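Here the structure comes first, spelled out in structure tokens, and everything after it is commentary.
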Amino acid sequence: MLLAFAAMLSAPNCFADYGSEHRAEADLLTPAPHQIDIEAEDTWQFLDDNSTLRRRVDSSTDTAIRLGPDLGTSQLQQPEVLISYWFDSVNAAQFQFRDFSLFGDHFSTIPLSFGGGLIPKNQTLNNDGTRWFTFGGFYERRLTPLYQDREGRLPEFLRGWDLRAKIGIEFTYNDIRINDGLSLHLVHSPFEARIRFHEKGLPYPVIGMEARRWLLPQLAFEATAQGYWFNKWNSGRSEGGTVYDSQSGFESHLRLIYSNSRLRGFSPFLGFNYNYSKYTQTSSGVYNFLRVQMIGPELGFNFSFNPRR
């Protein structure tokens with residue numbers, strides 16, 4: 001991450017209207033100073049059957065509960081808002097918020113061990129009551145000035161790209177519940193059927209990349225990727241001993257964006273995305289685990305405006 005941050009800072013500022021030969025009148029590639037971009041989207045995510053939840057207390061047995069086959073959560077919706085403020089045509093600050101809305105249910109015919117207790121068989125299970133969202137702040141920088149003067153030496157398909165890098169901090173609030181915590185305690189356990197990951201979770205550093213290029217005068221292609229990873233950080237919390245927090249994740253988006261000057265900064269898009277996240281909390285007395293892998297289509301829009309114009 002330090003190397004990525006150093007590369008971002010070393011990119012020279014460039015305020016030229018780069019990409020004008022590829023763009024329509026509404027420019028998606030070169031933001032203006034003080035421009036504000038608002039991106040809003042909704043994603044329909046389909047979960048892999050191996051997406052798993054488990055909680056073990058002390059030396060009790062636990063079941064790897066699959067979100068789809070065991071809880072009926074085979075898909076979710078993921079609305080997102082990303083707001084960017086451009087200090088100039090190179091540097092921006094961003095704020096991102098995402099919500100993960102799980103739905104679905106399944107009639108379970110087997111007992112499930114969870115949190116030192118038992119979820120009895122022959123009942124309908126779901127993820128009702130789960131509260132899962134993320135919010136983060138980022139610094140984004142266009143890397144185009146690093147190579148714009150040497151593009152003529154590249155093959156045609158490598159020309160006209162606008163590259164951006166980002167680095168920042170994100171936090172996940174994750175209160176995973178089974179049947180809204182079952183409302184009652186688990187059989188043979190004083191705990192409810194839920195895991196409050198956020199109580200022992202830590203903010204984590206994120207790095208990402210974004211690339212845009214005009215395909216047609218009013219149609220652009222966008223590809224993004226961002227990820228994070230850390231292992232066994234001291235959470236500062238205790239549950240049968242010090243709890244160590246480990247998190248990792250990766251997401252990627254591929255989009256087609258329509259831009260027309262008559263829409264006055266409004267640019268709808270559709271696309272496809274992949275998302276993977278893994279959450280582990282361990283101590284001598286507890287083991288909390290969540291792994292989710294999902295993929296699906298998305299629909300949204302960008303809206304750009306400049307309050308100083």
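Residues are referred to by chain and number: the chain letter is A, B, ... according to the order shown in the structure tokens, the number counts from 1 in that chain, and ligands are numbered separately from 1 in the order shown.
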- Message: as a VMD selection string, please: the residues near region 190-205 of chain A (cut-off 6 Å, only C-alpha atoms, same-chain neighbours under 3 positions excluded).
- Response: chain A and resid 168 to 171 173 to 178 181 185 to 186 235
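Near Asn288 (chain A), within 9 Å and counting only C-alpha atoms, sit Leu53, Arg54, Arg55, Arg56, Val57, Gly115, Ile195, Phe197, Tyr279, Thr280, Gln281 and Thr282 of chain A; same-chain residues fewer than 4 positions away were not included.
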- Message: DSSP on the backbone, strand (DSSP E or B) only: what residues of region 26-253 of chain A does that give? Format it as number ranges by chain.
- Response: A: 36-47, 52-57, 65-66, 75-86, 91-99, 101-103, 105-108, 112-114, 117-119, 123-126, 131-142, 162-181, 187, 193-196, 204-216, 219-238, 242-253
- Selected residue of minimal separation from Thr242 (chain A) among A:Val286, A:Leu76, A:Leu154, A:Val292, counting only C-alpha atoms: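 So, comparing all the options, the nearest one is A:Val286.
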- Message: Write out as a list in words the set of residues from region 52-296 of chain A that DSSP, computed on the backbone, places in alpha helix (DSSP H).
- Response: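 Taking region 52-296 of chain A and keeping alpha helix (DSSP H) gives Phe197, His198, Glu199 and Lys200 of chain A.
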- Item | Selection: 8 Å around region 157-161 of chain A, only C-alpha atoms, excl. self and same-chain fewer than 3 positions, as a list in words | Gly19, His22, Thr144, Glu151, Gly152, Leu154, Ala211, Arg212, Arg213 and Trp214 of chain A
Would you kindly return, as a short mmCIF file (atom, residue, chain, number, x, y, z; two decimals) with N, CA, C and O atoms, in the first residue's frame, each protein, DNA or RNA residue with an atom no farther than 7 Å from any atom of region 302-309 of chain A, considering only C-alpha atoms and excluding same-chain residues fewer than 3 positions away?
```
data_model
loop_
_atom_site.label_atom_id
_atom_site.label_comp_id
_atom_site.auth_asym_id
_atom_site.auth_seq_id
_atom_site.Cartn_x
_atom_site.Cartn_y
_atom_site.Cartn_z
N HIS A 34 -13.30 21.32 -8.91
CA HIS A 34 -14.49 21.51 -8.08
C HIS A 34 -15.71 20.72 -8.58
O HIS A 34 -16.82 20.91 -8.08
N GLN A 35 -15.50 19.82 -9.51
CA GLN A 35 -16.60 18.99 -9.99
C GLN A 35 -17.01 17.98 -8.91
O GLN A 35 -16.17 17.44 -8.19
N ILE A 36 -18.29 17.71 -8.83
CA ILE A 36 -18.83 16.70 -7.91
C ILE A 36 -19.46 15.59 -8.73
O ILE A 36 -20.31 15.85 -9.60
N ASP A 37 -19.05 14.36 -8.49
CA ASP A 37 -19.62 13.19 -9.15
C ASP A 37 -20.40 12.38 -8.13
O ASP A 37 -19.89 12.05 -7.06
N ILE A 38 -21.63 12.06 -8.49
CA ILE A 38 -22.46 11.20 -7.64
C ILE A 38 -22.78 9.93 -8.43
O ILE A 38 -23.39 10.00 -9.50
N GLU A 39 -22.35 8.81 -7.91
CA GLU A 39 -22.62 7.52 -8.55
C GLU A 39 -23.57 6.73 -7.65
O GLU A 39 -23.30 6.54 -6.47
N ALA A 40 -24.68 6.28 -8.20
CA ALA A 40 -25.64 5.47 -7.47
C ALA A 40 -25.97 4.24 -8.29
O ALA A 40 -26.15 4.32 -9.51
N GLY A 265 -25.13 16.00 -17.67
CA GLY A 265 -24.31 15.39 -16.63
C GLY A 265 -24.83 14.07 -16.10
O GLY A 265 -24.18 13.43 -15.28
N PHE A 266 -25.99 13.64 -16.56
CA PHE A 266 -26.57 12.37 -16.13
C PHE A 266 -26.14 11.27 -17.11
O PHE A 266 -26.41 11.36 -18.31
N SER A 267 -25.47 10.24 -16.60
CA SER A 267 -24.93 9.17 -17.44
C SER A 267 -25.33 7.81 -16.88
O SER A 267 -24.72 7.34 -15.91
N PRO A 268 -26.33 7.17 -17.42
CA PRO A 268 -26.73 5.84 -16.94
C PRO A 268 -25.72 4.78 -17.35
O PRO A 268 -25.00 4.93 -18.35
#
```
- From A:Asp180, A:Thr172, A:Glu41, A:Pro31, residue lying nearest Gly271 (chain A) [only C-alpha atoms]: A:Glu41
- List the neighbours of Ala220 (chain A) out to 10 Å using only C-alpha atoms; skip same-chain residues closer than 5 positions along the sequence, and give me the result as a list in words. His22, Arg23, Ala24, Leu28, Leu29, Arg212, Arg213, Trp214, Leu215, Arg255, Leu256, Ile257, Tyr258, Ser259 and Phe269 of chain A
List every residue of region 186-297 of chain A that has an atom at most 7 Å from any atom of region 117-129 of chain A, giving for each one its closest atom pair and the distance in Å to one decimal, counting only C-alpha atoms, sorted by chain and then by ascending residue number, as CSV.
```
residue,atom,partner,partner_atom,distance
A:Leu186,CA,A:Gly117,CA,5.5
A:Val187,CA,A:Leu118,CA,5.1
A:His188,CA,A:Gly117,CA,5.0
A:Ser189,CA,A:Gly117,CA,4.5
```
Would you mind exporting the chosen residues as a CSV table (one decimal), in the first residue's frame, restricted to all heavy atoms?
```
chain,number,residue,atom,x,y,z
A,186,LEU,N,-30.6,-19.8,21.9
A,186,LEU,CA,-30.4,-21.1,21.3
A,186,LEU,C,-30.6,-22.2,22.4
A,186,LEU,O,-30.4,-21.9,23.6
A,186,LEU,CB,-28.9,-21.2,20.8
A,186,LEU,CG,-28.6,-20.3,19.6
A,186,LEU,CD1,-27.0,-20.3,19.4
A,186,LEU,CD2,-29.2,-20.8,18.3
A,187,VAL,N,-30.9,-23.4,21.9
A,187,VAL,CA,-31.1,-24.5,22.8
A,187,VAL,C,-29.7,-24.8,23.4
A,187,VAL,O,-28.7,-24.9,22.7
A,187,VAL,CB,-31.7,-25.7,22.1
A,187,VAL,CG1,-31.7,-26.9,23.0
A,187,VAL,CG2,-33.0,-25.4,21.5
A,188,HIS,N,-29.6,-24.9,24.7
A,188,HIS,CA,-28.4,-25.3,25.4
A,188,HIS,C,-27.3,-24.2,25.3
A,188,HIS,O,-26.1,-24.4,25.5
A,188,HIS,CB,-27.8,-26.6,24.9
A,188,HIS,CG,-28.7,-27.8,24.9
A,188,HIS,ND1,-29.5,-28.1,25.9
A,188,HIS,CD2,-29.0,-28.6,23.9
A,188,HIS,CE1,-30.3,-29.2,25.6
A,188,HIS,NE2,-30.0,-29.5,24.3
A,189,SER,N,-27.7,-23.0,25.1
A,189,SER,CA,-26.8,-21.9,25.0
A,189,SER,C,-27.4,-20.6,25.4
A,189,SER,O,-28.6,-20.3,25.2
A,189,SER,CB,-26.3,-21.7,23.6
A,189,SER,OG,-25.5,-20.5,23.4
```
- Test item: residues at most 7 Å from Asn231 (chain A), only C-alpha atoms, excluding those fewer than 5 positions along its chain, as a ChimeraX atom specification: /A:245-247
- Rank nothing, just name the residue among A:Asp42, A:Asp70, A:Glu140, A:Asp99 nearest to Gly208 (chain A), using only C-alpha atoms. A:Glu140
- Query: Restricting the calculation to only C-alpha atoms, which member of A:His106, A:Arg264, A:Arg98, A:Arg141 is positioned closest to Ser84 (chain A)?
  - Reply: A:Arg141
- Could you pull the residues within 7 Å of Phe138 (chain A), counting only C-alpha atoms, minus those fewer than 5 positions along the same chain, as a PyMOL selection string? chain A and resi 93-95+166-169
